[in-house]
Amino acid sequence: MDQQGSGTSDVRAAQGWVAAADEDGPVRGHSRWRLLRRDPAFWVGGGLVVLFIAVGVLAPFLTPWNPDFQDRSVVSYPSPASWEHLLGTDRLGRDLLSRLMFGARIALVVGVGAAVVAVTMGFLVGLLAAYFRSPRLGIPLPAGGRVEVPIPVESVLMRTTDVFLSLPALLLAIALVAVLHPSVGLTAAVITLVLWTGPARIIYGAVRSVRDSEFVLAARALGTSSRRVVFRHVAPQVTGLALAYGAITVAAAILFEAALSYLGAGVPIPAPSWGGMAAEHLGSYVTAPHLVILPGLAILLAVLGFTLLGDALRDASDPRARR
């Protein structure tokens with residue numbers, strides 16, 4: 001009788017822990033928003049990100065010229081700023097402002113697209129590796145009975161991550177692009193292949209600190225399936241961290257795309273990539289330095305915006321990380 005009462009009280013206590021964990025989400029979300037509103041980095045970074053996305057999405061409607069059109073009516077190449085060409089033209093007579101705007105479109109597609117896939121891959125790899133570790137698979141024997149075979153999920157996933165981390169990222173990307181035909185899709189795929197390991201290690205460490213929490217143990221004690229525990233109780237605890245580092249990964253992807261295009265291994269010409277524009281006009285730096293400075297400034301502002309936004313989201317997700 002005492003054991004039955006004790007068991008009932010344990011179940012009720014476990015139910016209380018699970019309910020508390022479920023109710024904790026909105027409270028913590030409200031607290032995070034309060035922290036974000038007070039953080040200047042959030043507003044500066046968010047403003048730059050919104051501006052970057054708006055220019056990238058609305059580039060076909062905002063640009064006064066086709067980015068590949070060569071205006072033969074200008075007197076000299078590159079031409080200075082004028083009413084027809086607000087930032088002037090490059091050495092081929094193409095409108096610089098239009099090419100910068102369409103460069104934001106390419107950076108948006110490649111950077112954000114590659115970062116979303118990379119963070120999703122890293123999130124799943126880190127989540128599964130940290131939570132399941134070495135699950136046992138029951139295999140029935142011909143003579144009857146079952147044998148438990150451990151599956152080294154954690155070891156396989158994290159050692160694979162370590163292998164990719166040990167590879168020189170830039171050399172790997174250049175080698176892949178050299179073997180295959182350069183394109184926007186290939187550049188995004190190469191960047192994804194290079195950048196997924198960082199989020200995987202971060203989420204892996206975060207889930208390891210959550211998997212033995214009391215509300216997770218309570219959910220297991222209630223007989224909740226592993227799938228529901230992972231995606232209902234564990235994953236929400238690290239989603240904020242994933243979003244924070246996702247923004248930082250976007251910044252890294254934009255910078256990586258610019259570096260590849262600068263080296264001629266990224267988005268192929270004549271596509272107006274910011275890195276490719278800087279490399280293309282490097283020989284005109286003395287006579288027309290704005291042809292190199294403006295693409296570099298665009299890269300700087302885009303990377304700065306996503307970095308500040310990611311730092312603000314990280315600080316809101318984990319106030320202890322604040323300096």
# chains A, B, ... in the order shown; residues from 1 in each chain; ligands from 1
$ residues_around --residues "A:Val292" --least-positions-apart "3" --cutoff "10 Å" --atoms "only C-alpha atoms" --output "PyMOL selection string"
chain A and resi 274-286+288-289+295-297
$ write_last_selection --atoms "C-alpha atoms" --output "compact mmCIF listing (two decimals), in the first residue's frame"
# COMPACT_ATOMS: atom_id res chain seq x y z
CA TRP A 274 30.09 41.40 -54.44
CA GLY A 275 33.32 39.43 -54.17
CA GLY A 276 33.54 39.04 -57.94
CA MET A 277 32.91 42.76 -58.44
CA ALA A 278 35.78 43.63 -56.11
CA ALA A 279 38.13 41.23 -57.88
CA GLU A 280 37.03 42.35 -61.34
CA HIS A 281 37.88 46.00 -60.67
CA LEU A 282 40.94 45.51 -58.52
CA GLY A 283 43.12 46.84 -61.35
CA SER A 284 41.16 50.11 -61.31
CA TYR A 285 41.62 50.69 -57.59
CA VAL A 286 43.92 53.70 -58.08
CA ALA A 288 38.35 54.40 -59.49
CA PRO A 289 38.64 53.12 -55.90
CA PRO A 295 31.28 46.07 -52.88
CA GLY A 296 33.54 45.64 -49.86
CA LEU A 297 31.36 48.03 -47.86
$ atom_distance --atom1 "atom CA of A:Ser225" --atom2 "atom CA of A:Phe132"
12.3 Å
$ closest_residue --among "A:Ala302, A:Ala271, A:Leu308, A:Ala219" --to "A:Asp68" --atoms "only C-alpha atoms"
A:Ala271
$ select_by_dssp --residues "stretch 124-279 of chain A" --states "strand (DSSP E or B)" --output "list in words"
Arg136, Leu137, Gly138, Ile139, Pro140, Arg146, Val147, Glu148, Val149 and Pro150 of chain A
$ residues_around --residues "A:Leu157" --least-positions-apart "3" --cutoff "9 Å" --atoms "only C-alpha atoms" --output "NGL selection string"
:A and (125-126 or 128-129 or 152-154 or 160-162)
$ select_by_dssp --residues "stretch 43-290 of chain A" --states "helix (DSSP H, G or I)" --output "VMD selection string"
chain A and resid 43 to 62 96 to 132 153 to 166 169 to 179 184 to 195 197 to 210 214 to 221 226 to 262 274 to 280 282 to 284 290
$ decode --residues "stretch 138-237 of chain A" --atoms "C-alpha atoms" --output "compact mmCIF listing (two decimals), in the first residue's frame"
# COMPACT_ATOMS: atom_id res chain seq x y z
CA GLY A 138 16.99 -5.71 -30.18
CA ILE A 139 17.64 -8.38 -32.82
CA PRO A 140 15.61 -11.62 -32.58
CA LEU A 141 17.65 -14.84 -32.67
CA PRO A 142 16.63 -17.88 -34.78
CA ALA A 143 16.65 -20.09 -31.68
CA GLY A 144 14.47 -17.68 -29.78
CA GLY A 145 15.19 -14.72 -27.58
CA ARG A 146 16.75 -11.39 -28.50
CA VAL A 147 20.20 -9.90 -28.41
CA GLU A 148 20.82 -6.22 -27.68
CA VAL A 149 23.25 -4.63 -30.13
CA PRO A 150 24.51 -1.11 -29.31
CA ILE A 151 24.44 1.39 -32.19
CA PRO A 152 27.22 4.00 -31.83
CA VAL A 153 25.14 6.96 -33.02
CA GLU A 154 27.08 9.52 -31.01
CA SER A 155 30.50 8.23 -32.01
CA VAL A 156 29.69 7.96 -35.72
CA LEU A 157 28.03 11.37 -36.04
CA MET A 158 30.52 13.33 -33.98
CA ARG A 159 33.60 11.64 -35.46
CA THR A 160 32.21 12.46 -38.90
CA THR A 161 31.82 16.05 -37.73
CA ASP A 162 35.42 16.07 -36.51
CA VAL A 163 36.62 14.81 -39.89
CA PHE A 164 34.87 17.66 -41.71
CA LEU A 165 36.16 20.15 -39.14
CA SER A 166 39.73 19.01 -39.79
CA LEU A 167 39.50 19.70 -43.52
CA PRO A 168 40.76 23.09 -44.78
CA ALA A 169 37.46 24.74 -45.67
CA LEU A 170 38.63 27.15 -48.36
CA LEU A 171 40.84 24.61 -50.13
CA LEU A 172 38.06 22.02 -50.05
CA ALA A 173 35.60 24.50 -51.53
CA ILE A 174 38.01 25.55 -54.29
CA ALA A 175 38.76 21.91 -55.14
CA LEU A 176 35.07 21.01 -55.41
CA VAL A 177 34.28 24.02 -57.56
CA ALA A 178 37.29 23.30 -59.79
CA VAL A 179 36.13 19.74 -60.42
CA LEU A 180 32.47 20.62 -60.97
CA HIS A 181 30.95 23.37 -63.10
CA PRO A 182 30.68 26.62 -61.10
CA SER A 183 27.13 27.85 -60.45
CA VAL A 184 25.07 29.55 -57.78
CA GLY A 185 23.64 26.21 -56.63
CA LEU A 186 27.06 24.58 -56.42
CA THR A 187 28.44 27.53 -54.44
CA ALA A 188 25.56 27.22 -51.94
CA ALA A 189 26.08 23.45 -51.68
CA VAL A 190 29.82 23.83 -51.07
CA ILE A 191 29.24 26.45 -48.38
CA THR A 192 26.68 24.17 -46.72
CA LEU A 193 29.16 21.30 -46.74
CA VAL A 194 31.75 23.49 -45.04
CA LEU A 195 29.62 25.28 -42.44
CA TRP A 196 27.30 22.61 -40.98
CA THR A 197 29.91 21.35 -38.52
CA GLY A 198 29.94 24.48 -36.34
CA PRO A 199 26.21 24.37 -35.47
CA ALA A 200 26.48 20.60 -34.96
CA ARG A 201 29.14 20.99 -32.26
CA ILE A 202 27.26 23.85 -30.57
CA ILE A 203 23.91 22.03 -30.47
CA TYR A 204 25.66 18.84 -29.35
CA GLY A 205 27.11 20.60 -26.33
CA ALA A 206 23.81 22.31 -25.51
CA VAL A 207 21.76 19.10 -25.71
CA ARG A 208 24.23 17.27 -23.49
CA SER A 209 23.51 19.78 -20.74
CA VAL A 210 19.74 19.36 -21.22
CA ARG A 211 19.32 15.60 -21.70
CA ASP A 212 19.73 14.80 -17.99
CA SER A 213 17.55 17.67 -16.75
CA GLU A 214 14.77 16.82 -14.32
CA PHE A 215 11.93 17.56 -16.73
CA VAL A 216 13.49 15.24 -19.34
CA LEU A 217 13.91 12.48 -16.75
CA ALA A 218 10.32 13.08 -15.66
CA ALA A 219 9.06 12.68 -19.22
CA ARG A 220 10.98 9.39 -19.52
CA ALA A 221 9.55 8.19 -16.20
CA LEU A 222 6.05 8.76 -17.56
CA GLY A 223 6.82 6.44 -20.48
CA THR A 224 6.99 9.18 -23.09
CA SER A 225 8.47 7.96 -26.36
CA SER A 226 12.02 9.00 -27.21
CA ARG A 227 10.80 10.79 -30.32
CA ARG A 228 8.37 12.92 -28.32
CA VAL A 229 10.94 13.65 -25.62
CA VAL A 230 13.47 14.80 -28.21
CA PHE A 231 11.20 17.03 -30.27
CA ARG A 232 8.73 18.11 -27.57
CA HIS A 233 10.97 18.68 -24.55
CA VAL A 234 14.64 18.77 -25.60
CA ALA A 235 14.61 20.50 -28.99
CA PRO A 236 12.68 23.62 -27.82
CA GLN A 237 15.33 24.20 -25.14
